[in-house]
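Everything below concerns the one structure shown next.
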Amino acid sequence: MMTMTISPPSIPLTHLQRYKTASVKQGLGNHQSIGGGGLLVMASSSPKNLTTTNYLKHVESMKSLPSGAGKISQLNAVILGEALASEEDDLVFPSDGFSRQALVPSPQKYLEMYKRSIEDPAGFWSDIASSEFYWKQRWGDHVYSENLDVRKGNIKIEWFKGGITNICYNCLDKNIDAGLGDKIALYWESNEPGFDATLTYSQLLGRVCQLANYLKSIGVRKGDAVIIYLPMLMELPIAMLACARIGAVHSVHVSSSFMQKRVVFAGFSAESLAQRIMDCKPKVVITCNAVKRGPKTIALKDIVDAALIESAKNGTSADVCLTYENQSALKRESTKWQEGRDIWWEDVIPKYPTTCDVEWVDAEDPLFLLYTSGSTGKPKGVLHTTGGYMVYTATTFKYAFDYKESDVYWCTADCGWITGHSYVSYGPMLNGATVVVYEGAPNYPDPGRCWDIVDKYKVTIFYTAPTLVRSLMRDGDEYVTRYSRKSLRVLGSVGEPINPSAWRWFFNVVGGSKCPISDTWWQTETGGFMITPLPGAWPQKPGSATFPFFGVQPVIVDEKGVEIEGECSGYLCVKSSWPGAFRTLYGDHERYETTYFKPFPGYYFTGDGCSRDRDGYHWLTGRVDDVINVSGHRIGTAEVESALVSHPRCAEAAVVGVEHEVKGQGIYAFVTLVDGVSYSEELRRSLVLTVRNQIGAFAAPDKIHWAPSLPKTRSGKIMRRILRKIASRQLDELGDTSTLAEPGVVDQLIALADC
Ligand code: 6R9
């Protein structure tokens with residue numbers, strides 16, 4: 001086995017220690033590891049070359065669970081419809097009624113499907129791909145081919161190669177052909193109550209085609225990159241679908257964050273946008289002049305202008321900046337304009353025809369790039385391709401939310417996040433769903449806005465992030481209970497571990513104890529859900545993402561990369577590929593292999609810690625690398641540090657994550673000033689502003705801790721373990737400080753903790 005290239009910190013066993021898990025079965029016993037060999041598979045319809053079925057053990061515990069409900073003698077269990085009255089209640093069974101109508105109504109049914117998906121992935125996925133999607137031409141002999149083992153050569157993942165399709169066609173034309181033309185595709189709700197709009201599937205197709213025709217007219221071709229920097233207007237999914245229709249590769253950037261409540265604007269800064277423009281060299285940037293978030297107006301185009309100036313200095317400029325006039329936020333007269341480059345959307349797009357031929361693409365042609373933080377300063381351009389992503393997002397959406405044609409679905413994510421790609425746009429639309437898109441802030445004009453929207457559109461599936469749940473929970477139940485919410489059927493959570501008390505509040509108060517919660521664990525890299533409840537199939541435990549989705553083999557390994565069985569805690573990896581997996585990091589396949597496949601050869605390494613309890617349930621314990629998860633946004637500590645040290649008065653900085661009541665994790669920065677500079681409130685503000693300007697508001701440190709010097713080893717490595725303990729004030733757990741070059745530094749830091 002290759003030597004490890006990471007030195008992960010020890011994983012806290014918080015979940016196993018903190019949460020009592022009701023046992024429905026004795027421990028999983030002595031499983032035999034089947035080792036970590038990656039498979040080089042060229043699969044047609046033959047099963048994977050597996051010698052044992054031990055890999056299914058982690059789901060087998062479910063065999064002993066009652067199928068569907070019935071009053072269970074199990075202590076601490078409730079059935080949908082009953083409130084989780086105490087902290088001791090830790091199993092929520094689907095009711096008979098819910099299970100009866102569910103796509104997967106029992107653990108047995110899940111096991112049967114899951115087993116097939118693992119033993120015969122080619123058969124399982126090709127059955128779905130051919131029955132539920134349109135292919136201009138079927139894929140070749142191999143449904144998939146993969147190598148996830150760096151020891152056996154380059155990492156490669158391909159699904160449905162040779163298959164010719166188009167995801168926009170599958171989202172729109174195919175649904176319209178099936179009779180859904182007059183069904184509402186998008187309900188759009190403005191920041192200002194009372195302003196809204198709708199588009200049916202046929203109308204949406206018309207809008208998409210107009211933009212697609214325009215893009216073609218300015219020379220955008222298959223494979224060209226298009227940067228989209230739009231808030232949650234209908235034009236955002238329209239722009240994504242238009243790119244997909246003509247085979248262009250979209251790259252959407254967060255322009256606002258629904259998830260953060262108090263921070264009204266939390267988008268990327270001009271500098272980070274410039275960095276992405278330089279990386280993917282788009283022909284066109286699509287934006288709007290401004291957006292309103294709550295009472296505040298944000299001039300988005302100013303940010304794009306600044307980014308384009310910055311990128312031009314480095315030799316990359318976009319020829320066209322297509323700008324939507326968002327009239328409720330800013331009139332065109334007040335918008336700064338560069339003649340020749342800037343074009344008003346409303347002036348040109350409506351003139352183009354409402355039909356546009358589809359560019360048929362290979363399943364393995366790129367669909368989009370999405371930048372995400374890594375543990376170095378440079379963001380990673382995660383690349384997803386077309387066919388596998390299409391099949392995977394649609395299928396995960398359908399099963400994890402137990403989708404029905406009559407559902408009205410609302411996901412609060414911004415499309416600049418992977419959640420907005422997979423579960424605002426593609427997954428739901430591939431299923432012909434009706435989707436709510438909300439432009440504004442969740443607490444505007446007051447913290448009841450979400451439930452006002454739920455009632456207005458009769459939302460049945462509501463999917464959000466724990467950070468929002470926690471912040472609404474703090475505002476009090478009255479804002480929720482004054483609305484009926486009786487349409488709600490299924491709730492969902494994503495972005496970070498949901499703590500059991502937020503889960504309970506979401507379940508009891510928001511869902512009135514009648515809605516299961518799908519706590520979906522997944523990543524930008526995975527394209528779609530990986531570990532998630534199937535709401536009618538098995539009981540949920542507040543705070544656990546439960547069991548793997550079809551085709552996903554999660555394994556927990558120790559620091560040597562050896563699989564651990566049964567009740568355990570370790571690093572979460574995935575064995576073998578799934579259709580929605582990312583294929584590379586744009587322009588840097590080597591970094592792709594190094595980051596994700598070298599730490600534990602034979603596996604995809606997720607960067608997350610995970611515990612598995614004795615019932616086989618998975619509990620995600622957070623990132624184990626140098627990435628902080630703030631309100632569901634991944635921020636590399638190195639990114640924040642490099643922004644801080646760019647300040648002329650900052651000599652050195654070290655950033656760690658700390659627990660934060662609302663945001664999940666907060667950013668805590670230790671800052672060493674240049675010699676002779678003394679600390680002041682003004683300097684603190686100026687440092688925070690530097691980070692806001694360079695990365696974005698969401699990355700602004702919550703705390704600056706003045707540090708005359710930082711605790712380092714003799715080889716000069718900052719000991720973050722100690723900084724984390726100081727940041728969380730766990731001063732009696734500092735551990736061994738003897739390897740520090742200057743142990744006295746620690747006392748100095750503690751003394752300055754509250755300055
Ligand atoms: C979809 C998304 C991925 C990281 C991931 C993990 C955390 C996401 C979670 C969760 C526990 C969940 N995460 N969902 N942790 N339970 N249900 O969030 O993608 O922005 O790439 O972040 O978020 O740490 O590794 P992305």
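Chain labels follow the order of the structure tokens: the first chain is A, the next B, and so on; residue numbering restarts at 1 in every chain, and ligands are counted from 1 in their shown order.
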Could you give me the residues within 9 Å of ligand 1, counting only C-alpha atoms and all ligand atoms, as an MDAnalysis selection string? chainID A and resid 372:373 417:419 465:466 492:498 518:529 531:532 543:545 606:609 619:624 627:629 632:634
Using DSSP on the backbone, list every residue of region 344-522 of chain A that comes out as helix (DSSP H, G or I), and give them as a PDB file with N, CA and C atoms, in the first residue's frame.
```
ATOM      1  N   TRP A 345     -30.155  42.022 -21.437  1.00  0.00           N
ATOM      2  CA  TRP A 345     -30.875  40.770 -21.732  1.00  0.00           C
ATOM      3  C   TRP A 345     -32.221  41.084 -22.394  1.00  0.00           C
ATOM      4  N   GLU A 346     -32.978  41.989 -21.755  1.00  0.00           N
ATOM      5  CA  GLU A 346     -34.343  42.267 -22.228  1.00  0.00           C
ATOM      6  C   GLU A 346     -34.355  42.875 -23.631  1.00  0.00           C
ATOM      7  N   ASP A 347     -33.245  43.514 -24.029  1.00  0.00           N
ATOM      8  CA  ASP A 347     -33.218  44.139 -25.357  1.00  0.00           C
ATOM      9  C   ASP A 347     -33.010  43.127 -26.482  1.00  0.00           C
ATOM     10  N   VAL A 348     -32.296  42.065 -26.183  1.00  0.00           N
ATOM     11  CA  VAL A 348     -31.939  41.147 -27.273  1.00  0.00           C
ATOM     12  C   VAL A 348     -32.643  39.789 -27.207  1.00  0.00           C
ATOM     13  N   ILE A 349     -32.740  39.204 -26.044  1.00  0.00           N
ATOM     14  CA  ILE A 349     -33.175  37.799 -25.967  1.00  0.00           C
ATOM     15  C   ILE A 349     -34.594  37.586 -26.517  1.00  0.00           C
ATOM     16  N   PRO A 350     -35.564  38.472 -26.188  1.00  0.00           N
ATOM     17  CA  PRO A 350     -36.931  38.218 -26.680  1.00  0.00           C
ATOM     18  C   PRO A 350     -37.036  38.230 -28.202  1.00  0.00           C
ATOM     19  N   LYS A 351     -36.035  38.755 -28.885  1.00  0.00           N
ATOM     20  CA  LYS A 351     -36.097  38.803 -30.350  1.00  0.00           C
ATOM     21  C   LYS A 351     -35.742  37.457 -30.992  1.00  0.00           C
ATOM     22  N   GLY A 387     -24.189  12.391 -18.930  1.00  0.00           N
ATOM     23  CA  GLY A 387     -25.110  11.259 -18.852  1.00  0.00           C
ATOM     24  C   GLY A 387     -25.265  10.688 -17.456  1.00  0.00           C
ATOM     25  N   GLY A 388     -24.141  10.375 -16.825  1.00  0.00           N
ATOM     26  CA  GLY A 388     -24.198   9.778 -15.494  1.00  0.00           C
ATOM     27  C   GLY A 388     -24.820  10.752 -14.506  1.00  0.00           C
ATOM     28  N   TYR A 389     -24.428  12.010 -14.605  1.00  0.00           N
ATOM     29  CA  TYR A 389     -24.968  13.042 -13.712  1.00  0.00           C
ATOM     30  C   TYR A 389     -26.480  13.138 -13.870  1.00  0.00           C
ATOM     31  N   MET A 390     -26.920  13.103 -15.122  1.00  0.00           N
ATOM     32  CA  MET A 390     -28.360  13.205 -15.410  1.00  0.00           C
ATOM     33  C   MET A 390     -29.127  12.049 -14.734  1.00  0.00           C
ATOM     34  N   VAL A 391     -28.659  10.855 -14.966  1.00  0.00           N
ATOM     35  CA  VAL A 391     -29.354   9.680 -14.423  1.00  0.00           C
ATOM     36  C   VAL A 391     -29.323   9.702 -12.888  1.00  0.00           C
ATOM     37  N   TYR A 392     -28.184  10.127 -12.361  1.00  0.00           N
ATOM     38  CA  TYR A 392     -28.014  10.065 -10.914  1.00  0.00           C
ATOM     39  C   TYR A 392     -28.836  11.117 -10.174  1.00  0.00           C
ATOM     40  N   THR A 393     -28.812  12.381 -10.669  1.00  0.00           N
ATOM     41  CA  THR A 393     -29.558  13.427  -9.953  1.00  0.00           C
ATOM     42  C   THR A 393     -31.059  13.149 -10.019  1.00  0.00           C
ATOM     43  N   ALA A 394     -31.518  12.695 -11.162  1.00  0.00           N
ATOM     44  CA  ALA A 394     -32.954  12.428 -11.295  1.00  0.00           C
ATOM     45  C   ALA A 394     -33.379  11.296 -10.362  1.00  0.00           C
ATOM     46  N   THR A 395     -32.572  10.247 -10.304  1.00  0.00           N
ATOM     47  CA  THR A 395     -32.955   9.064  -9.526  1.00  0.00           C
ATOM     48  C   THR A 395     -32.879   9.338  -8.022  1.00  0.00           C
ATOM     49  N   THR A 396     -31.836  10.043  -7.609  1.00  0.00           N
ATOM     50  CA  THR A 396     -31.714  10.360  -6.182  1.00  0.00           C
ATOM     51  C   THR A 396     -32.851  11.278  -5.747  1.00  0.00           C
ATOM     52  N   PHE A 397     -33.167  12.263  -6.581  1.00  0.00           N
ATOM     53  CA  PHE A 397     -34.271  13.188  -6.248  1.00  0.00           C
ATOM     54  C   PHE A 397     -35.562  12.400  -6.022  1.00  0.00           C
ATOM     55  N   LYS A 398     -35.834  11.531  -6.973  1.00  0.00           N
ATOM     56  CA  LYS A 398     -37.085  10.784  -6.946  1.00  0.00           C
ATOM     57  C   LYS A 398     -37.229   9.941  -5.675  1.00  0.00           C
ATOM     58  N   TYR A 399     -36.178   9.209  -5.339  1.00  0.00           N
ATOM     59  CA  TYR A 399     -36.304   8.278  -4.206  1.00  0.00           C
ATOM     60  C   TYR A 399     -36.135   8.948  -2.845  1.00  0.00           C
ATOM     61  N   ALA A 400     -35.183   9.890  -2.743  1.00  0.00           N
ATOM     62  CA  ALA A 400     -34.918  10.459  -1.409  1.00  0.00           C
ATOM     63  C   ALA A 400     -36.064  11.342  -0.943  1.00  0.00           C
ATOM     64  N   ILE A 418     -23.734  23.390  -5.375  1.00  0.00           N
ATOM     65  CA  ILE A 418     -24.076  22.151  -6.084  1.00  0.00           C
ATOM     66  C   ILE A 418     -25.537  21.763  -5.811  1.00  0.00           C
ATOM     67  N   THR A 419     -26.010  22.089  -4.615  1.00  0.00           N
ATOM     68  CA  THR A 419     -27.391  21.737  -4.289  1.00  0.00           C
ATOM     69  C   THR A 419     -28.370  22.403  -5.262  1.00  0.00           C
ATOM     70  N   GLY A 420     -28.054  23.636  -5.650  1.00  0.00           N
ATOM     71  CA  GLY A 420     -28.909  24.321  -6.617  1.00  0.00           C
ATOM     72  C   GLY A 420     -28.819  23.717  -8.006  1.00  0.00           C
ATOM     73  N   HIS A 421     -27.662  23.175  -8.357  1.00  0.00           N
ATOM     74  CA  HIS A 421     -27.535  22.506  -9.657  1.00  0.00           C
ATOM     75  C   HIS A 421     -28.370  21.226  -9.679  1.00  0.00           C
ATOM     76  N   SER A 422     -28.073  20.386  -8.700  1.00  0.00           N
ATOM     77  CA  SER A 422     -28.654  19.042  -8.742  1.00  0.00           C
ATOM     78  C   SER A 422     -30.093  19.012  -8.250  1.00  0.00           C
ATOM     79  N   TYR A 423     -30.426  19.900  -7.285  1.00  0.00           N
ATOM     80  CA  TYR A 423     -31.755  19.768  -6.674  1.00  0.00           C
ATOM     81  C   TYR A 423     -32.587  21.046  -6.664  1.00  0.00           C
ATOM     82  N   VAL A 424     -32.187  22.082  -7.454  1.00  0.00           N
ATOM     83  CA  VAL A 424     -33.151  23.117  -7.831  1.00  0.00           C
ATOM     84  C   VAL A 424     -33.451  22.896  -9.307  1.00  0.00           C
ATOM     85  N   SER A 425     -32.371  22.696 -10.081  1.00  0.00           N
ATOM     86  CA  SER A 425     -32.564  22.629 -11.521  1.00  0.00           C
ATOM     87  C   SER A 425     -32.721  21.195 -12.039  1.00  0.00           C
ATOM     88  N   TYR A 426     -31.613  20.483 -12.159  1.00  0.00           N
ATOM     89  CA  TYR A 426     -31.655  19.265 -12.961  1.00  0.00           C
ATOM     90  C   TYR A 426     -32.505  18.136 -12.377  1.00  0.00           C
ATOM     91  N   GLY A 427     -32.219  17.739 -11.133  1.00  0.00           N
ATOM     92  CA  GLY A 427     -32.943  16.579 -10.580  1.00  0.00           C
ATOM     93  C   GLY A 427     -34.457  16.752 -10.651  1.00  0.00           C
ATOM     94  N   PRO A 428     -34.996  17.867 -10.103  1.00  0.00           N
ATOM     95  CA  PRO A 428     -36.457  18.041 -10.140  1.00  0.00           C
ATOM     96  C   PRO A 428     -37.004  18.147 -11.562  1.00  0.00           C
ATOM     97  N   MET A 429     -36.328  18.906 -12.414  1.00  0.00           N
ATOM     98  CA  MET A 429     -36.892  19.096 -13.761  1.00  0.00           C
ATOM     99  C   MET A 429     -36.830  17.828 -14.594  1.00  0.00           C
ATOM    100  N   LEU A 430     -35.832  17.012 -14.368  1.00  0.00           N
ATOM    101  CA  LEU A 430     -35.797  15.729 -15.077  1.00  0.00           C
ATOM    102  C   LEU A 430     -37.009  14.885 -14.693  1.00  0.00           C
ATOM    103  N   ARG A 449     -41.323  34.209   6.746  1.00  0.00           N
ATOM    104  CA  ARG A 449     -41.451  34.252   5.282  1.00  0.00           C
ATOM    105  C   ARG A 449     -41.467  32.849   4.633  1.00  0.00           C
ATOM    106  N   CYS A 450     -40.617  31.970   5.117  1.00  0.00           N
ATOM    107  CA  CYS A 450     -40.557  30.637   4.496  1.00  0.00           C
ATOM    108  C   CYS A 450     -41.918  29.944   4.550  1.00  0.00           C
ATOM    109  N   TRP A 451     -42.576  30.084   5.687  1.00  0.00           N
ATOM    110  CA  TRP A 451     -43.844  29.339   5.863  1.00  0.00           C
ATOM    111  C   TRP A 451     -44.978  30.043   5.123  1.00  0.00           C
ATOM    112  N   ASP A 452     -44.815  31.358   4.943  1.00  0.00           N
ATOM    113  CA  ASP A 452     -45.728  32.114   4.104  1.00  0.00           C
ATOM    114  C   ASP A 452     -45.629  31.565   2.672  1.00  0.00           C
ATOM    115  N   ILE A 453     -44.404  31.354   2.224  1.00  0.00           N
ATOM    116  CA  ILE A 453     -44.195  30.838   0.861  1.00  0.00           C
ATOM    117  C   ILE A 453     -44.708  29.395   0.752  1.00  0.00           C
ATOM    118  N   VAL A 454     -44.461  28.613   1.791  1.00  0.00           N
ATOM    119  CA  VAL A 454     -44.955  27.222   1.793  1.00  0.00           C
ATOM    120  C   VAL A 454     -46.476  27.215   1.623  1.00  0.00           C
ATOM    121  N   ASP A 455     -47.165  28.057   2.378  1.00  0.00           N
ATOM    122  CA  ASP A 455     -48.634  28.098   2.275  1.00  0.00           C
ATOM    123  C   ASP A 455     -49.091  28.640   0.927  1.00  0.00           C
ATOM    124  N   LYS A 456     -48.397  29.687   0.455  1.00  0.00           N
ATOM    125  CA  LYS A 456     -48.815  30.326  -0.793  1.00  0.00           C
ATOM    126  C   LYS A 456     -48.783  29.342  -1.966  1.00  0.00           C
ATOM    127  N   TYR A 457     -47.725  28.556  -2.050  1.00  0.00           N
ATOM    128  CA  TYR A 457     -47.578  27.644  -3.200  1.00  0.00           C
ATOM    129  C   TYR A 457     -47.967  26.208  -2.855  1.00  0.00           C
ATOM    130  N   PRO A 466     -29.236  22.976   7.725  1.00  0.00           N
ATOM    131  CA  PRO A 466     -29.337  23.072   9.181  1.00  0.00           C
ATOM    132  C   PRO A 466     -29.127  24.492   9.701  1.00  0.00           C
ATOM    133  N   THR A 467     -28.264  25.252   9.044  1.00  0.00           N
ATOM    134  CA  THR A 467     -27.991  26.604   9.536  1.00  0.00           C
ATOM    135  C   THR A 467     -29.260  27.451   9.517  1.00  0.00           C
ATOM    136  N   LEU A 468     -30.077  27.264   8.501  1.00  0.00           N
ATOM    137  CA  LEU A 468     -31.333  28.021   8.437  1.00  0.00           C
ATOM    138  C   LEU A 468     -32.315  27.492   9.483  1.00  0.00           C
ATOM    139  N   VAL A 469     -32.357  26.182   9.625  1.00  0.00           N
ATOM    140  CA  VAL A 469     -33.244  25.590  10.637  1.00  0.00           C
ATOM    141  C   VAL A 469     -32.890  26.160  12.012  1.00  0.00           C
ATOM    142  N   ARG A 470     -31.595  26.195  12.306  1.00  0.00           N
ATOM    143  CA  ARG A 470     -31.189  26.686  13.634  1.00  0.00           C
ATOM    144  C   ARG A 470     -31.535  28.147  13.829  1.00  0.00           C
ATOM    145  N   SER A 471     -31.338  28.941  12.772  1.00  0.00           N
ATOM    146  CA  SER A 471     -31.599  30.357  12.979  1.00  0.00           C
ATOM    147  C   SER A 471     -33.097  30.621  13.097  1.00  0.00           C
ATOM    148  N   LEU A 472     -33.924  29.896  12.359  1.00  0.00           N
ATOM    149  CA  LEU A 472     -35.370  30.094  12.487  1.00  0.00           C
ATOM    150  C   LEU A 472     -35.866  29.563  13.835  1.00  0.00           C
ATOM    151  N   MET A 473     -35.196  28.546  14.302  1.00  0.00           N
ATOM    152  CA  MET A 473     -35.553  27.971  15.599  1.00  0.00           C
ATOM    153  C   MET A 473     -35.334  29.015  16.702  1.00  0.00           C
ATOM    154  N   ARG A 474     -34.282  29.805  16.560  1.00  0.00           N
ATOM    155  CA  ARG A 474     -33.995  30.836  17.560  1.00  0.00           C
ATOM    156  C   ARG A 474     -35.033  31.958  17.547  1.00  0.00           C
ATOM    157  N   ASP A 475     -35.654  32.148  16.391  1.00  0.00           N
ATOM    158  CA  ASP A 475     -36.650  33.217  16.297  1.00  0.00           C
ATOM    159  C   ASP A 475     -37.976  32.845  16.953  1.00  0.00           C
ATOM    160  N   GLU A 478     -43.594  30.847  17.125  1.00  0.00           N
ATOM    161  CA  GLU A 478     -44.786  31.595  16.655  1.00  0.00           C
ATOM    162  C   GLU A 478     -44.703  31.922  15.180  1.00  0.00           C
ATOM    163  N   TYR A 479     -43.485  32.185  14.694  1.00  0.00           N
ATOM    164  CA  TYR A 479     -43.354  32.532  13.276  1.00  0.00           C
ATOM    165  C   TYR A 479     -43.714  31.346  12.383  1.00  0.00           C
ATOM    166  N   VAL A 480     -43.585  30.166  12.926  1.00  0.00           N
ATOM    167  CA  VAL A 480     -43.920  28.976  12.153  1.00  0.00           C
ATOM    168  C   VAL A 480     -45.407  28.665  12.314  1.00  0.00           C
ATOM    169  N   THR A 481     -45.839  28.643  13.556  1.00  0.00           N
ATOM    170  CA  THR A 481     -47.176  28.107  13.814  1.00  0.00           C
ATOM    171  C   THR A 481     -48.294  29.037  13.355  1.00  0.00           C
ATOM    172  N   PRO A 500     -29.172  16.936  16.578  1.00  0.00           N
ATOM    173  CA  PRO A 500     -30.472  16.348  16.913  1.00  0.00           C
ATOM    174  C   PRO A 500     -31.503  17.349  17.417  1.00  0.00           C
ATOM    175  N   SER A 501     -31.078  18.410  18.131  1.00  0.00           N
ATOM    176  CA  SER A 501     -32.118  19.309  18.638  1.00  0.00           C
ATOM    177  C   SER A 501     -32.733  20.112  17.491  1.00  0.00           C
ATOM    178  N   ALA A 502     -31.938  20.498  16.500  1.00  0.00           N
ATOM    179  CA  ALA A 502     -32.501  21.189  15.327  1.00  0.00           C
ATOM    180  C   ALA A 502     -33.395  20.216  14.545  1.00  0.00           C
ATOM    181  N   TRP A 503     -32.961  18.972  14.456  1.00  0.00           N
ATOM    182  CA  TRP A 503     -33.753  17.940  13.761  1.00  0.00           C
ATOM    183  C   TRP A 503     -35.138  17.827  14.406  1.00  0.00           C
ATOM    184  N   ARG A 504     -35.120  17.762  15.731  1.00  0.00           N
ATOM    185  CA  ARG A 504     -36.388  17.594  16.467  1.00  0.00           C
ATOM    186  C   ARG A 504     -37.310  18.781  16.243  1.00  0.00           C
ATOM    187  N   TRP A 505     -36.717  19.974  16.268  1.00  0.00           N
ATOM    188  CA  TRP A 505     -37.540  21.179  16.062  1.00  0.00           C
ATOM    189  C   TRP A 505     -38.110  21.193  14.634  1.00  0.00           C
ATOM    190  N   PHE A 506     -37.280  20.866  13.684  1.00  0.00           N
ATOM    191  CA  PHE A 506     -37.697  20.806  12.275  1.00  0.00           C
ATOM    192  C   PHE A 506     -38.857  19.804  12.148  1.00  0.00           C
ATOM    193  N   PHE A 507     -38.680  18.668  12.808  1.00  0.00           N
ATOM    194  CA  PHE A 507     -39.678  17.592  12.724  1.00  0.00           C
ATOM    195  C   PHE A 507     -40.973  17.969  13.451  1.00  0.00           C
ATOM    196  N   ASN A 508     -40.846  18.371  14.712  1.00  0.00           N
ATOM    197  CA  ASN A 508     -42.035  18.627  15.539  1.00  0.00           C
ATOM    198  C   ASN A 508     -42.761  19.891  15.119  1.00  0.00           C
ATOM    199  N   VAL A 509     -41.992  20.986  14.988  1.00  0.00           N
ATOM    200  CA  VAL A 509     -42.636  22.288  14.808  1.00  0.00           C
ATOM    201  C   VAL A 509     -42.927  22.538  13.330  1.00  0.00           C
ATOM    202  N   VAL A 510     -41.902  22.489  12.490  1.00  0.00           N
ATOM    203  CA  VAL A 510     -42.137  22.787  11.068  1.00  0.00           C
ATOM    204  C   VAL A 510     -43.011  21.716  10.430  1.00  0.00           C
TER     205      VAL A 510
END
```
Which residues are near region 130-147 of chain A? Cut-off 10 Å, only C-alpha atoms, ignore same chain within fewer than 6 positions. Put them as a PyMOL selection string. chain A and resi 38-46+121-123+153-167+169-171+173-174+360-363+387-388+390-391+394-395+430-431+576-579+602-603
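Minimum atom-to-atom distance to Cys243 (chain A), evaluated using only C-alpha atoms, belongs to A:Val358 out of A:Val358, A:Leu322, A:Ala329, A:Ile303.
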Expected answer as an MDAnalysis selection string: strand (DSSP E) residues in region 247-483 of chain A: chainID A and resid 249:252 284:288 291:293 296:298 320:324 342:344 361:362 366:372 380:385 408:411 434:438 461:464
Could those residues be written to a file, using C-alpha atoms, as a PDB file, in the first residue's frame?
```pdb
ATOM      1  CA  VAL A 249     -20.181  24.276 -20.105  1.00  0.00           C
ATOM      2  CA  HIS A 250     -21.717  26.468 -17.433  1.00  0.00           C
ATOM      3  CA  SER A 251     -19.992  27.666 -14.357  1.00  0.00           C
ATOM      4  CA  VAL A 252     -22.378  29.248 -11.870  1.00  0.00           C
ATOM      5  CA  VAL A 284     -19.578  35.388 -22.039  1.00  0.00           C
ATOM      6  CA  VAL A 285     -20.548  36.317 -18.518  1.00  0.00           C
ATOM      7  CA  ILE A 286     -24.265  36.343 -17.714  1.00  0.00           C
ATOM      8  CA  THR A 287     -25.322  38.535 -14.813  1.00  0.00           C
ATOM      9  CA  CYS A 288     -27.913  41.059 -13.692  1.00  0.00           C
ATOM     10  CA  VAL A 291     -30.528  42.117  -6.574  1.00  0.00           C
ATOM     11  CA  LYS A 292     -32.465  42.853  -3.417  1.00  0.00           C
ATOM     12  CA  ARG A 293     -31.897  40.717  -0.395  1.00  0.00           C
ATOM     13  CA  LYS A 296     -30.619  45.765   0.956  1.00  0.00           C
ATOM     14  CA  THR A 297     -29.678  46.240  -2.705  1.00  0.00           C
ATOM     15  CA  ILE A 298     -26.530  44.577  -3.999  1.00  0.00           C
ATOM     16  CA  VAL A 320     -19.791  39.916 -23.752  1.00  0.00           C
ATOM     17  CA  CYS A 321     -21.439  40.692 -20.442  1.00  0.00           C
ATOM     18  CA  LEU A 322     -25.119  39.842 -20.857  1.00  0.00           C
ATOM     19  CA  THR A 323     -26.978  41.746 -18.142  1.00  0.00           C
ATOM     20  CA  TYR A 324     -30.526  41.176 -16.961  1.00  0.00           C
ATOM     21  CA  ASP A 342     -22.430  44.991 -22.066  1.00  0.00           C
ATOM     22  CA  ILE A 343     -25.780  43.900 -23.494  1.00  0.00           C
ATOM     23  CA  TRP A 344     -29.197  44.194 -21.844  1.00  0.00           C
ATOM     24  CA  VAL A 361     -23.568  15.373 -26.769  1.00  0.00           C
ATOM     25  CA  ASP A 362     -21.769  12.303 -25.530  1.00  0.00           C
ATOM     26  CA  PRO A 366     -18.715  18.085 -19.781  1.00  0.00           C
ATOM     27  CA  LEU A 367     -21.907  19.645 -18.455  1.00  0.00           C
ATOM     28  CA  PHE A 368     -20.597  22.075 -15.871  1.00  0.00           C
ATOM     29  CA  LEU A 369     -17.769  23.264 -13.721  1.00  0.00           C
ATOM     30  CA  LEU A 370     -18.321  24.229 -10.133  1.00  0.00           C
ATOM     31  CA  TYR A 371     -15.584  25.697  -7.998  1.00  0.00           C
ATOM     32  CA  THR A 372     -15.211  24.514  -4.455  1.00  0.00           C
ATOM     33  CA  LYS A 380     -10.927  23.409  -7.364  1.00  0.00           C
ATOM     34  CA  GLY A 381     -12.971  23.341 -10.563  1.00  0.00           C
ATOM     35  CA  VAL A 382     -15.090  20.224 -10.052  1.00  0.00           C
ATOM     36  CA  LEU A 383     -16.077  18.871 -13.456  1.00  0.00           C
ATOM     37  CA  HIS A 384     -19.302  16.952 -14.024  1.00  0.00           C
ATOM     38  CA  THR A 385     -20.236  15.289 -17.279  1.00  0.00           C
ATOM     39  CA  VAL A 408     -44.612  21.235  -5.221  1.00  0.00           C
ATOM     40  CA  TYR A 409     -40.966  21.280  -4.358  1.00  0.00           C
ATOM     41  CA  TRP A 410     -38.900  24.039  -2.793  1.00  0.00           C
ATOM     42  CA  CYS A 411     -35.170  23.841  -2.232  1.00  0.00           C
ATOM     43  CA  THR A 434     -42.927  21.992 -10.071  1.00  0.00           C
ATOM     44  CA  VAL A 435     -40.140  23.992  -8.431  1.00  0.00           C
ATOM     45  CA  VAL A 436     -40.307  27.122  -6.269  1.00  0.00           C
ATOM     46  CA  VAL A 437     -37.475  29.616  -6.736  1.00  0.00           C
ATOM     47  CA  TYR A 438     -37.205  32.358  -4.122  1.00  0.00           C
ATOM     48  CA  ILE A 461     -41.329  19.010  -0.176  1.00  0.00           C
ATOM     49  CA  PHE A 462     -39.136  21.548   1.625  1.00  0.00           C
ATOM     50  CA  TYR A 463     -35.363  21.093   1.417  1.00  0.00           C
ATOM     51  CA  THR A 464     -32.995  23.362   3.324  1.00  0.00           C
TER      52      THR A 464
END
```
